[in-house]
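Asker: Data file start.txt (compact mmCIF, C-alpha atoms (C1' of nucleotides)) is appended below.
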# COMPACT_ATOMS: atom_id res chain seq x y z
CA MET I 1 -3.75 -14.08 -18.96
CA LEU I 2 -5.90 -12.04 -16.53
CA ASP I 3 -9.67 -11.83 -16.60
CA ASP I 4 -11.93 -9.05 -15.32
CA ARG I 5 -12.13 -10.59 -11.87
CA ASP I 6 -8.37 -10.72 -11.55
CA ARG I 7 -8.06 -7.09 -12.60
CA LYS I 8 -10.79 -6.05 -10.18
CA LEU I 9 -9.09 -7.96 -7.37
CA LEU I 10 -5.80 -6.24 -8.14
CA THR I 11 -7.53 -2.86 -8.17
CA LEU I 12 -9.12 -3.55 -4.80
CA LEU I 13 -5.90 -4.87 -3.28
CA GLN I 14 -3.96 -1.83 -4.52
CA ARG I 15 -6.41 0.38 -2.64
CA ASP I 16 -6.73 -1.72 0.51
CA ALA I 17 -4.80 -4.89 1.12
CA GLU I 18 -6.33 -5.38 4.57
CA ALA I 19 -9.78 -6.26 3.27
CA SER I 20 -10.74 -9.78 4.29
CA VAL I 21 -11.02 -12.46 1.64
CA THR I 22 -14.72 -12.66 2.52
CA VAL I 23 -15.29 -9.02 1.55
CA LEU I 24 -13.12 -9.29 -1.58
CA ALA I 25 -15.01 -12.44 -2.60
CA GLU I 26 -18.31 -10.56 -2.39
CA ARG I 27 -16.99 -7.65 -4.46
CA VAL I 28 -15.97 -9.95 -7.32
CA ALA I 29 -18.96 -12.29 -6.95
CA LEU I 30 -16.96 -15.37 -6.09
CA SER I 31 -16.83 -17.85 -3.22
CA VAL I 32 -14.27 -17.32 -0.47
CA SER I 33 -12.25 -20.36 -1.49
CA ALA I 34 -12.13 -19.41 -5.17
CA CYS I 35 -11.14 -15.86 -4.24
CA SER I 36 -8.39 -17.08 -1.92
CA ARG I 37 -7.04 -19.30 -4.71
CA ARG I 38 -7.06 -16.44 -7.20
CA ILE I 39 -5.15 -14.14 -4.87
CA ALA I 40 -2.61 -16.89 -4.21
CA ARG I 41 -2.26 -17.38 -7.96
CA LEU I 42 -1.78 -13.65 -8.61
CA ARG I 43 0.92 -13.59 -5.98
CA GLU I 44 2.52 -16.79 -7.27
CA ALA I 45 2.53 -15.52 -10.86
CA GLY I 46 4.30 -12.34 -9.74
CA TYR I 47 1.56 -9.77 -10.31
CA ILE I 48 1.49 -8.90 -6.62
CA ALA I 49 5.04 -8.04 -5.61
CA ARG I 50 4.45 -7.32 -1.95
CA GLN I 51 2.24 -5.71 0.62
CA VAL I 52 3.27 -2.60 2.50
CA ALA I 53 2.03 -0.12 5.07
CA ILE I 54 1.59 3.44 3.79
CA LEU I 55 2.43 5.93 6.51
CA ASP I 56 0.86 9.35 6.94
CA ARG I 57 3.25 12.12 5.84
CA ARG I 58 1.95 14.66 8.36
CA ALA I 59 1.99 12.23 11.27
CA MET I 60 5.54 11.19 10.35
CA ARG I 61 6.48 14.88 10.25
CA VAL I 62 7.71 14.83 6.66
CA PRO I 63 4.99 16.79 4.87
CA THR I 64 7.30 18.51 2.37
CA THR I 65 8.11 17.12 -1.08
CA VAL I 66 10.95 18.48 -3.21
CA PHE I 67 11.91 17.42 -6.73
CA VAL I 68 15.54 17.91 -7.65
CA MET I 69 16.80 17.86 -11.22
CA VAL I 70 20.49 17.14 -11.53
CA ARG I 71 23.20 17.25 -14.19
CA THR I 72 26.66 15.84 -13.84
CA THR I 73 29.86 16.03 -15.85
CA ARG I 74 31.22 12.80 -14.48
CA HIS I 75 29.69 9.59 -15.83
CA ALA I 76 32.41 7.07 -14.96
CA ALA I 77 31.77 3.91 -12.96
CA ASP I 78 33.35 5.19 -9.74
CA TRP I 79 31.16 8.29 -9.78
CA LEU I 80 28.05 6.16 -10.29
CA ASP I 81 29.02 3.85 -7.44
CA ALA I 82 29.43 6.80 -5.08
CA PHE I 83 26.11 8.24 -6.29
CA ARG I 84 24.27 4.96 -5.71
CA ARG I 85 25.76 4.60 -2.24
CA ALA I 86 24.78 8.17 -1.35
CA LEU I 87 21.20 7.55 -2.52
CA ALA I 88 20.98 4.36 -0.47
CA ASP I 89 22.28 6.15 2.62
CA ILE I 90 19.95 9.16 2.53
CA PRO I 91 16.43 8.08 3.55
CA GLU I 92 14.92 11.47 2.63
CA ILE I 93 15.60 10.60 -1.01
CA VAL I 94 12.77 8.24 -1.85
CA GLU I 95 12.91 8.05 -5.62
CA VAL I 96 15.61 8.54 -8.26
CA HIS I 97 15.47 8.07 -12.03
CA ARG I 98 18.03 8.52 -14.78
CA LEU I 99 16.39 10.55 -17.47
CA THR I 100 16.53 11.47 -21.11
CA GLY I 101 16.69 15.22 -21.86
CA HIS I 102 18.52 18.15 -20.41
CA TYR I 103 18.89 16.81 -16.89
CA ASP I 104 20.54 13.48 -16.05
CA TYR I 105 18.55 12.57 -12.94
CA VAL I 106 15.38 13.44 -11.02
CA LEU I 107 15.34 12.96 -7.28
CA LYS I 108 12.24 13.01 -5.15
CA MET I 109 12.80 14.00 -1.54
CA VAL I 110 10.51 13.74 1.45
CA LEU I 111 11.38 16.29 4.13
CA PRO I 112 10.21 17.71 7.47
CA ASN I 113 10.25 21.23 5.95
CA VAL I 114 11.75 23.25 3.12
CA GLU I 115 14.74 24.34 5.22
CA HIS I 116 15.78 20.73 5.64
CA TYR I 117 16.45 20.54 1.90
CA ASP I 118 19.75 22.29 2.54
CA THR I 119 20.87 19.48 4.84
CA VAL I 120 20.15 16.82 2.25
CA TYR I 121 21.66 18.95 -0.51
CA LYS I 122 24.90 19.31 1.43
CA ALA I 123 24.96 15.60 2.28
CA LEU I 124 24.62 14.80 -1.41
CA VAL I 125 27.07 17.28 -2.94
CA GLY I 126 29.54 16.38 -0.21
CA ARG I 127 29.66 12.86 -1.62
CA VAL I 128 29.34 13.26 -5.39
CA GLU I 129 30.28 15.93 -7.91
CA LEU I 130 27.15 17.51 -9.38
CA SER I 131 26.62 20.36 -11.83
CA ASP I 132 23.38 22.24 -12.35
CA VAL I 133 21.22 21.22 -9.41
CA SER I 134 17.71 22.62 -9.65
CA ALA I 135 15.22 22.11 -6.79
CA SER I 136 11.46 22.57 -7.14
CA ILE I 137 9.25 22.53 -4.08
CA SER I 138 5.89 20.81 -4.29
CA MET I 139 3.27 23.35 -3.27
CA GLU I 140 0.38 20.96 -3.65
CA THR I 141 -0.09 17.28 -4.43
CA LEU I 142 -2.89 16.86 -6.97
CA LYS I 143 -2.52 13.11 -7.33
CA ASP I 144 -0.43 10.45 -5.62
CA ASP I 145 -1.52 6.93 -6.50
CA SER I 146 0.39 3.90 -5.44
CA ALA I 147 -1.98 2.02 -7.76
CA LEU I 148 -0.89 1.07 -11.27
CA PRO I 149 -3.33 0.92 -14.17
CA THR I 150 -4.63 -2.65 -14.49
CA GLY I 151 -5.89 -2.30 -18.04
CA PHE I 152 -2.72 -3.46 -19.79
CA ALA I 153 -2.24 -6.91 -18.20
CA MET J 1 5.72 10.54 20.86
CA LEU J 2 7.27 7.46 19.21
CA ASP J 3 9.97 5.30 20.73
CA ASP J 4 12.60 3.17 18.99
CA ARG J 5 10.33 0.14 18.93
CA ASP J 6 7.54 2.10 17.25
CA ARG J 7 9.95 3.42 14.64
CA LYS J 8 11.36 -0.03 14.00
CA LEU J 9 7.86 -1.46 13.68
CA LEU J 10 6.96 1.25 11.17
CA THR J 11 10.13 0.54 9.21
CA LEU J 12 9.35 -3.17 9.10
CA LEU J 13 5.71 -2.61 8.15
CA GLN J 14 6.70 -0.22 5.36
CA ARG J 15 8.84 -2.98 3.90
CA ASP J 16 6.47 -5.88 4.44
CA ALA J 17 3.03 -5.53 5.93
CA GLU J 18 2.27 -9.24 5.59
CA ALA J 19 4.67 -10.32 8.31
CA SER J 20 2.77 -11.96 11.15
CA VAL J 21 2.63 -10.20 14.49
CA THR J 22 4.63 -13.12 15.89
CA VAL J 23 7.57 -12.37 13.59
CA LEU J 24 7.32 -8.61 14.15
CA ALA J 25 7.19 -9.17 17.92
CA GLU J 26 10.45 -11.12 17.76
CA ARG J 27 12.16 -8.41 15.70
CA VAL J 28 11.33 -5.71 18.26
CA ALA J 29 11.82 -7.99 21.30
CA LEU J 30 8.26 -7.80 22.53
CA SER J 31 5.46 -10.24 23.26
CA VAL J 32 2.88 -10.92 20.58
CA SER J 33 0.08 -9.15 22.45
CA ALA J 34 2.13 -6.08 23.28
CA CYS J 35 3.24 -5.86 19.65
CA SER J 36 -0.32 -6.24 18.41
CA ARG J 37 -1.44 -3.45 20.73
CA ARG J 38 1.35 -1.17 19.55
CA ILE J 39 0.44 -1.68 15.92
CA ALA J 40 -3.21 -0.98 16.72
CA ARG J 41 -2.11 2.20 18.51
CA LEU J 42 0.04 3.35 15.58
CA ARG J 43 -2.89 2.83 13.27
CA GLU J 44 -5.31 4.53 15.68
CA ALA J 45 -3.02 7.53 16.11
CA GLY J 46 -2.86 7.94 12.32
CA TYR J 47 0.78 7.01 11.69
CA ILE J 48 -0.26 4.07 9.53
CA ALA J 49 -2.62 5.41 6.89
CA ARG J 50 -3.39 2.17 5.10
CA GLN J 51 -2.06 -1.07 3.73
CA VAL J 52 -1.77 -1.71 0.03
CA ALA J 53 -0.59 -4.31 -2.45
CA ILE J 54 2.35 -3.26 -4.61
CA LEU J 55 2.07 -4.74 -8.08
CA ASP J 56 4.94 -5.71 -10.33
CA ARG J 57 5.45 -3.19 -13.14
CA ARG J 58 6.73 -5.76 -15.63
CA ALA J 59 3.98 -8.29 -14.88
CA MET J 60 1.36 -5.55 -15.21
CA ARG J 61 2.94 -4.61 -18.55
CA VAL J 62 3.61 -1.00 -17.60
CA PRO J 63 7.42 -0.98 -17.29
CA THR J 64 7.95 2.52 -18.67
CA THR J 65 8.08 5.66 -16.52
CA VAL J 66 7.86 9.16 -17.99
CA PHE J 67 8.13 12.46 -16.14
CA VAL J 68 6.33 15.38 -17.75
CA MET J 69 6.98 18.99 -16.83
CA VAL J 70 4.19 21.33 -17.73
CA ARG J 71 3.55 25.07 -17.93
CA THR J 72 0.20 26.72 -18.45
CA THR J 73 -1.00 30.22 -19.21
CA ARG J 74 -4.43 29.66 -17.74
CA HIS J 75 -4.68 29.58 -13.95
CA ALA J 76 -8.38 30.24 -13.44
CA ALA J 77 -10.66 28.00 -11.41
CA ASP J 78 -12.39 26.40 -14.42
CA TRP J 79 -9.07 25.41 -15.96
CA LEU J 80 -7.96 23.84 -12.67
CA ASP J 81 -11.22 21.90 -12.36
CA ALA J 82 -10.80 20.50 -15.86
CA PHE J 83 -7.17 19.64 -15.10
CA ARG J 84 -8.10 17.84 -11.89
CA ARG J 85 -10.82 15.88 -13.64
CA ALA J 86 -8.44 14.89 -16.43
CA LEU J 87 -5.86 13.69 -13.91
CA ALA J 88 -8.48 11.65 -12.06
CA ASP J 89 -9.66 10.05 -15.31
CA ILE J 90 -6.26 9.03 -16.70
CA PRO J 91 -4.93 6.06 -14.70
CA GLU J 92 -1.51 6.19 -16.41
CA ILE J 93 -0.90 9.46 -14.55
CA VAL J 94 0.02 8.27 -11.08
CA GLU J 95 1.46 11.37 -9.47
CA VAL J 96 1.06 15.13 -9.98
CA HIS J 97 2.52 18.04 -8.03
CA ARG J 98 2.21 21.79 -8.42
CA LEU J 99 5.73 23.16 -8.26
CA THR J 100 7.74 26.26 -7.62
CA GLY J 101 10.14 27.28 -10.38
CA HIS J 102 9.98 27.44 -14.14
CA TYR J 103 7.40 24.70 -14.63
CA ASP J 104 3.97 24.70 -13.01
CA TYR J 105 3.43 20.95 -12.64
CA VAL J 106 5.28 17.61 -12.71
CA LEU J 107 3.39 14.55 -13.83
CA LYS J 108 4.62 11.02 -13.36
CA MET J 109 3.24 8.52 -15.85
CA VAL J 110 3.36 4.74 -15.85
CA LEU J 111 3.07 3.31 -19.36
CA PRO J 112 3.25 0.05 -21.34
CA ASN J 113 5.94 1.59 -23.59
CA VAL J 114 7.35 4.92 -24.73
CA GLU J 115 5.02 5.07 -27.74
CA HIS J 116 2.01 5.04 -25.46
CA TYR J 117 3.08 8.45 -24.09
CA ASP J 118 1.57 10.00 -27.20
CA THR J 119 -1.85 8.58 -26.35
CA VAL J 120 -1.79 10.02 -22.85
CA TYR J 121 -0.36 13.31 -24.12
CA LYS J 122 -3.23 13.67 -26.59
CA ALA J 123 -5.82 12.70 -23.97
CA LEU J 124 -4.42 15.41 -21.71
CA VAL J 125 -3.98 18.30 -24.16
CA GLY J 126 -7.39 17.44 -25.59
CA ARG J 127 -8.91 18.35 -22.24
CA VAL J 128 -6.81 21.23 -20.92
CA GLU J 129 -4.80 24.03 -22.47
CA LEU J 130 -1.10 23.53 -21.78
CA SER J 131 1.98 25.45 -22.89
CA ASP J 132 5.55 24.13 -22.77
CA VAL J 133 5.14 20.40 -22.19
CA SER J 134 8.47 18.65 -21.69
CA ALA J 135 8.62 14.85 -21.35
CA SER J 136 11.62 12.98 -19.94
CA ILE J 137 11.76 9.21 -20.16
CA SER J 138 13.15 7.26 -17.23
CA MET J 139 15.99 5.12 -18.56
CA GLU J 140 16.73 3.56 -15.21
CA THR J 141 15.23 3.59 -11.73
CA LEU J 142 18.00 3.96 -9.15
CA LYS J 143 15.71 4.15 -6.14
CA ASP J 144 11.99 3.77 -5.62
CA ASP J 145 11.06 3.53 -1.96
CA SER J 146 7.50 3.52 -0.75
CA ALA J 147 9.04 3.86 2.71
CA LEU J 148 9.26 7.25 4.42
CA PRO J 149 12.11 8.15 6.77
CA THR J 150 11.04 7.34 10.33
CA GLY J 151 13.64 9.50 12.02
CA PHE J 152 11.54 12.68 12.28
CA ALA J 153 8.51 11.37 14.21
C1' DT R 1 3.63 -6.15 30.02
C1' DG R 2 3.08 -11.36 29.25
C1' DT R 3 0.37 -15.82 29.14
C1' DG R 4 -3.13 -18.61 27.50
C1' DA R 5 -7.85 -19.32 25.79
C1' DA R 6 -11.34 -17.89 22.59
C1' DA R 7 -12.66 -15.78 18.23
C1' DC R 8 -11.80 -14.97 13.91
C1' DT R 9 -9.72 -15.43 9.31
C1' DA R 10 -7.60 -17.86 5.72
C1' DT R 11 -6.26 -21.99 3.33
C1' DT R 12 -6.71 -26.67 1.82
C1' DC R 13 -9.27 -30.66 0.65
C1' DC R 14 -12.86 -32.81 -1.79
C1' DG R 15 -16.89 -33.54 -4.45
C1' DT R 16 -19.20 -31.24 -8.38
C1' DT R 17 -20.19 -28.65 -12.64
C1' DA U 1 -9.90 -26.27 -15.34
C1' DA U 2 -12.41 -23.81 -11.99
C1' DC U 3 -16.09 -23.48 -8.56
C1' DG U 4 -18.55 -23.86 -3.83
C1' DG U 5 -18.92 -26.00 0.70
C1' DA U 6 -16.82 -27.99 4.71
C1' DA U 7 -12.89 -29.15 7.52
C1' DT U 8 -8.31 -27.70 8.89
C1' DA U 9 -4.71 -24.71 10.07
C1' DG U 10 -3.09 -20.40 11.28
C1' DT U 11 -3.41 -15.68 13.26
C1' DT U 12 -5.16 -12.11 16.09
C1' DT U 13 -7.55 -10.44 20.04
C1' DC U 14 -9.29 -10.57 24.58
C1' DA U 15 -9.54 -11.54 29.58
C1' DC U 16 -6.82 -11.94 33.32
C1' DA U 17 -2.60 -12.54 36.08
Render the structure in this file as structure tokens.

Answerer:
Amino acid sequence: MLDDRDRKLLTLLQRDAEASVTVLAERVALSVSACSRRIARLREAGYIARQVAILDRRAMRVPTTVFVMVRTTRHAADWLDAFRRALADIPEIVEVHRLTGHYDYVLKMVLPNVEHYDTVYKALVGRVELSDVSASISMETLKDDSALPTGFA
Amino acid sequence: MLDDRDRKLLTLLQRDAEASVTVLAERVALSVSACSRRIARLREAGYIARQVAILDRRAMRVPTTVFVMVRTTRHAADWLDAFRRALADIPEIVEVHRLTGHYDYVLKMVLPNVEHYDTVYKALVGRVELSDVSASISMETLKDDSALPTGFA
DNA sequence: TGTGAAACTATTCCGTT
DNA sequence: AACGGAATAGTTTCACA
């Protein structure tokens, strides 16, 4: 489906989507028109979902990351609805997954400081019943890629 | 530092950085040139770090997410160097944080399927000594925002 | 800040391999 | 079926009011 040039283009675009088609064309040894067509095709075929601006965490004054592991006793539909609505309403919660294993969910939070965790915690437990909430503060980010591996497509 | 228009612009750009300045200008009730200048300023001042393409997980054939909690007995500099190098070399590992609490690190992996976890696990433990590795598979993604809250800047 | 012209960038068309 | 070159269309930036 994808050849090496496509994969390389995707790798480049995942790093920097502002690069001009002229520069991208050079990097994959292709003419500007052919490169433009390939990018359009990758978008059309659904490989490229969208293009977004990545903001600076420090500049936005939300340098702190906290991971929260959560268990719940209630698994009924109404509980889940309330949970989903709470997640949608709290912008500090940027990522949530339902997991296998001891805990039911992981939440990733992006906060101005560690103290602010309490605010989000209260907002959350005020809306849904939770048991066994365990927060871990990120002391250091060793890797944070928005780029997916391109080797499998 | 930032006014409502800046924050709205950042919110829009975090969702879709391809929107033309003309469209963005309309959404914040500003002329095209003024809007263009504001965006340039936000970039200049370091609020906007970069612009990237977000690829589709299904299309890229890496639909599976696994979170791995890790403990280690070795905390010396040489171990950490080896760990860092391993993380840099394994593209399936997209995010790693050093944590407070029982576990030392969380790793987020992006994989073609659950079975592939074993490959990455072996690649990792083959390079660094780890104790107490606990993998949790994401059964469902309830939220996955690349957007940061804009309310704190 | 807004308007309009100039500069630049990207896309489409078309002939070719 | 895909490429490269040239024309077209669109977008951003600049000078100036």

Asker: For a quick check of understanding, using only C-alpha atoms (C1' of nucleotides), which of J:Asp3, J:Arg50, J:Ala34, J:Glu92 has the smallest distance to DG2 of chain R?

Answerer: J:Ala34

Asker: Taking 4 positions as the minimum chain separation for residues in the same chain, which residues sit within 8 Å of segment 126-130 of chain I when counting all atoms listed in the file? Answer as JSON, numbers by chain.

Answerer: {"I": [70, 71, 72, 73, 74, 79, 82, 83, 86, 122]}

Asker: Work out how far atom CA of Pro63 of chain I is from atom CA of Ala53 of chain J, in Å to one decimal.

Answerer: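 Computing the Euclidean distance for atom CA of Ala53 of chain J and atom CA of Pro63 of chain I yields 23.0 Å.
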
Asker: So that each row is one residue of chain J with an atom at most 9 Å from chain R, can you give its shortest atom pair and the distance in Å to one decimal, using all atoms listed in the file, rows by chain and rising number, as JSON lines?

Answerer:
{"residue": "J:Leu30", "atom": "CA", "partner": "R:DT1", "partner_atom": "C1'", "distance": 9.0}
{"residue": "J:Ser31", "atom": "CA", "partner": "R:DG2", "partner_atom": "C1'", "distance": 6.5}
{"residue": "J:Val32", "atom": "CA", "partner": "R:DG2", "partner_atom": "C1'", "distance": 8.7}
{"residue": "J:Ser33", "atom": "CA", "partner": "R:DG2", "partner_atom": "C1'", "distance": 7.8}
{"residue": "J:Ala34", "atom": "CA", "partner": "R:DT1", "partner_atom": "C1'", "distance": 6.9}

Asker: Can I get the selection written as an mmCIF file, in the frame of the given file, with C-alpha atoms?

Answerer:
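Result went into out39.cif, see below:
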data_model
loop_
_atom_site.group_PDB
_atom_site.id
_atom_site.type_symbol
_atom_site.label_atom_id
_atom_site.label_comp_id
_atom_site.auth_asym_id
_atom_site.auth_seq_id
_atom_site.Cartn_x
_atom_site.Cartn_y
_atom_site.Cartn_z
ATOM 1 C CA LEU J 30 8.260 -7.800 22.530
ATOM 2 C CA SER J 31 5.460 -10.240 23.260
ATOM 3 C CA VAL J 32 2.880 -10.920 20.580
ATOM 4 C CA SER J 33 0.080 -9.150 22.450
ATOM 5 C CA ALA J 34 2.130 -6.080 23.280
#

Asker: What residues in chain U have any atom no more than 10 Å from chain I when counting all atoms listed in the file, and can you write them as a compact mmCIF listing (two decimals) with C-alpha atoms (C1' of nucleotides), keeping the file's coordinate frame?

Answerer:
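out-v8.txt, written as the output of this step:
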# COMPACT_ATOMS: atom_id res chain seq x y z
C1' DA U 2 -12.41 -23.81 -11.99
C1' DC U 3 -16.09 -23.48 -8.56
C1' DG U 4 -18.55 -23.86 -3.83
C1' DG U 5 -18.92 -26.00 0.70

Asker: As a PyMOL selection string, please: the residues near Thr100 of chain I (cut-off 7 Å, only C-alpha atoms (C1' of nucleotides), same-chain neighbours under 5 positions excluded).

Answerer: chain J and resi 136-139

Asker: Determine, counting all atoms listed in the file, every residue of protein, DNA or RNA that lies within 7 Å of (17.8, 7.3, -13.7) in the file coordinates, then give the result as a ChimeraX atom specification.

Answerer: /I:96-99,105 /J:138-142

Asker: Take chain J, lay it over chain I with a least-squares fit on all the Cα atoms in order, then hand it over as a compact mmCIF listing (two decimals) with C-alpha atoms, in the frame of the given file.

Answerer:
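As a result, superposed24.txt now contains:
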# COMPACT_ATOMS: atom_id res chain seq x y z
CA MET J 1 -3.72 -13.96 -19.01
CA LEU J 2 -5.86 -11.98 -16.55
CA ASP J 3 -9.64 -11.81 -16.59
CA ASP J 4 -11.92 -9.05 -15.32
CA ARG J 5 -12.12 -10.59 -11.87
CA ASP J 6 -8.34 -10.70 -11.56
CA ARG J 7 -8.07 -7.08 -12.62
CA LYS J 8 -10.78 -6.03 -10.20
CA LEU J 9 -9.09 -7.94 -7.39
CA LEU J 10 -5.79 -6.22 -8.18
CA THR J 11 -7.52 -2.84 -8.20
CA LEU J 12 -9.11 -3.53 -4.82
CA LEU J 13 -5.89 -4.85 -3.31
CA GLN J 14 -3.95 -1.82 -4.54
CA ARG J 15 -6.39 0.38 -2.66
CA ASP J 16 -6.71 -1.69 0.49
CA ALA J 17 -4.80 -4.88 1.10
CA GLU J 18 -6.31 -5.37 4.56
CA ALA J 19 -9.77 -6.24 3.29
CA SER J 20 -10.67 -9.78 4.30
CA VAL J 21 -11.00 -12.41 1.60
CA THR J 22 -14.68 -12.61 2.52
CA VAL J 23 -15.25 -8.97 1.56
CA LEU J 24 -13.12 -9.25 -1.59
CA ALA J 25 -15.00 -12.41 -2.60
CA GLU J 26 -18.30 -10.53 -2.38
CA ARG J 27 -16.98 -7.64 -4.48
CA VAL J 28 -15.95 -9.96 -7.32
CA ALA J 29 -18.94 -12.31 -6.92
CA LEU J 30 -16.93 -15.37 -6.02
CA SER J 31 -16.77 -17.81 -3.13
CA VAL J 32 -14.24 -17.23 -0.38
CA SER J 33 -12.10 -20.22 -1.34
CA ALA J 34 -12.07 -19.43 -5.04
CA CYS J 35 -11.11 -15.84 -4.24
CA SER J 36 -8.37 -16.96 -1.88
CA ARG J 37 -6.97 -19.25 -4.58
CA ARG J 38 -7.03 -16.46 -7.15
CA ILE J 39 -5.13 -14.12 -4.89
CA ALA J 40 -2.57 -16.84 -4.18
CA ARG J 41 -2.24 -17.37 -7.94
CA LEU J 42 -1.75 -13.65 -8.63
CA ARG J 43 0.95 -13.55 -6.00
CA GLU J 44 2.55 -16.77 -7.29
CA ALA J 45 2.56 -15.52 -10.88
CA GLY J 46 4.34 -12.34 -9.75
CA TYR J 47 1.58 -9.77 -10.33
CA ILE J 48 1.51 -8.89 -6.64
CA ALA J 49 5.05 -8.04 -5.63
CA ARG J 50 4.46 -7.32 -1.97
CA GLN J 51 2.25 -5.71 0.61
CA VAL J 52 3.29 -2.62 2.49
CA ALA J 53 2.04 -0.15 5.07
CA ILE J 54 1.58 3.40 3.81
CA LEU J 55 2.42 5.91 6.52
CA ASP J 56 0.87 9.32 6.95
CA ARG J 57 3.22 12.10 5.83
CA ARG J 58 1.93 14.64 8.35
CA ALA J 59 1.99 12.20 11.28
CA MET J 60 5.53 11.17 10.35
CA ARG J 61 6.46 14.86 10.24
CA VAL J 62 7.71 14.80 6.66
CA PRO J 63 4.98 16.78 4.86
CA THR J 64 7.27 18.50 2.37
CA THR J 65 8.09 17.11 -1.08
CA VAL J 66 10.93 18.47 -3.22
CA PHE J 67 11.88 17.42 -6.73
CA VAL J 68 15.52 17.90 -7.66
CA MET J 69 16.79 17.85 -11.22
CA VAL J 70 20.46 17.14 -11.52
CA ARG J 71 23.18 17.24 -14.18
CA THR J 72 26.66 15.84 -13.84
CA THR J 73 29.87 16.04 -15.83
CA ARG J 74 31.24 12.80 -14.48
CA HIS J 75 29.71 9.59 -15.83
CA ALA J 76 32.40 7.07 -14.95
CA ALA J 77 31.76 3.90 -12.97
CA ASP J 78 33.32 5.18 -9.72
CA TRP J 79 31.14 8.28 -9.75
CA LEU J 80 28.03 6.15 -10.29
CA ASP J 81 28.98 3.82 -7.43
CA ALA J 82 29.40 6.77 -5.08
CA PHE J 83 26.08 8.21 -6.28
CA ARG J 84 24.27 4.93 -5.71
CA ARG J 85 25.74 4.58 -2.24
CA ALA J 86 24.74 8.14 -1.36
CA LEU J 87 21.18 7.52 -2.53
CA ALA J 88 20.97 4.32 -0.49
CA ASP J 89 22.25 6.11 2.62
CA ILE J 90 19.94 9.13 2.52
CA PRO J 91 16.42 8.05 3.53
CA GLU J 92 14.90 11.45 2.62
CA ILE J 93 15.59 10.58 -1.03
CA VAL J 94 12.75 8.23 -1.86
CA GLU J 95 12.89 8.04 -5.63
CA VAL J 96 15.59 8.53 -8.28
CA HIS J 97 15.45 8.07 -12.05
CA ARG J 98 18.03 8.52 -14.78
CA LEU J 99 16.36 10.57 -17.48
CA THR J 100 16.53 11.50 -21.11
CA GLY J 101 16.69 15.21 -21.86
CA HIS J 102 18.53 18.16 -20.41
CA TYR J 103 18.90 16.81 -16.88
CA ASP J 104 20.53 13.49 -16.04
CA TYR J 105 18.54 12.56 -12.93
CA VAL J 106 15.35 13.42 -11.02
CA LEU J 107 15.33 12.95 -7.28
CA LYS J 108 12.22 13.00 -5.16
CA MET J 109 12.78 13.98 -1.55
CA VAL J 110 10.48 13.73 1.44
CA LEU J 111 11.37 16.26 4.13
CA PRO J 112 10.20 17.69 7.48
CA ASN J 113 10.24 21.21 5.97
CA VAL J 114 11.73 23.24 3.13
CA GLU J 115 14.72 24.31 5.24
CA HIS J 116 15.76 20.70 5.65
CA TYR J 117 16.44 20.52 1.89
CA ASP J 118 19.73 22.27 2.55
CA THR J 119 20.86 19.46 4.84
CA VAL J 120 20.14 16.79 2.25
CA TYR J 121 21.65 18.94 -0.51
CA LYS J 122 24.90 19.27 1.44
CA ALA J 123 24.95 15.56 2.29
CA LEU J 124 24.60 14.79 -1.41
CA VAL J 125 27.07 17.27 -2.94
CA GLY J 126 29.51 16.35 -0.19
CA ARG J 127 29.63 12.83 -1.61
CA VAL J 128 29.31 13.25 -5.37
CA GLU J 129 30.25 15.91 -7.88
CA LEU J 130 27.13 17.48 -9.37
CA SER J 131 26.64 20.35 -11.81
CA ASP J 132 23.37 22.23 -12.35
CA VAL J 133 21.21 21.21 -9.40
CA SER J 134 17.69 22.61 -9.64
CA ALA J 135 15.21 22.10 -6.78
CA SER J 136 11.45 22.57 -7.15
CA ILE J 137 9.24 22.51 -4.08
CA SER J 138 5.87 20.80 -4.29
CA MET J 139 3.26 23.35 -3.27
CA GLU J 140 0.38 20.96 -3.68
CA THR J 141 -0.09 17.28 -4.45
CA LEU J 142 -2.89 16.85 -7.00
CA LYS J 143 -2.53 13.10 -7.36
CA ASP J 144 -0.44 10.47 -5.64
CA ASP J 145 -1.54 6.95 -6.52
CA SER J 146 0.36 3.89 -5.45
CA ALA J 147 -2.00 2.04 -7.78
CA LEU J 148 -0.90 1.08 -11.30
CA PRO J 149 -3.35 0.93 -14.21
CA THR J 150 -4.64 -2.63 -14.52
CA GLY J 151 -5.89 -2.28 -18.07
CA PHE J 152 -2.70 -3.46 -19.82
CA ALA J 153 -2.24 -6.90 -18.22

Asker: If you measure from atom CA of Val68 of chain I to atom CA of His116 of chain I, what distance in Å do you get, rounded to one decimal?

Answerer: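 Result for atom CA of Val68 of chain I versus atom CA of His116 of chain I: 13.6 Å, one decimal.
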
Asker: Between atom CA of Ala29 of chain J and atom CA of Arg5 of chain J, what distance in Å does the model show, to one decimal?

Answerer: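 So the two atoms, atom CA of Ala29 of chain J and atom CA of Arg5 of chain J, lie 8.6 Å apart.
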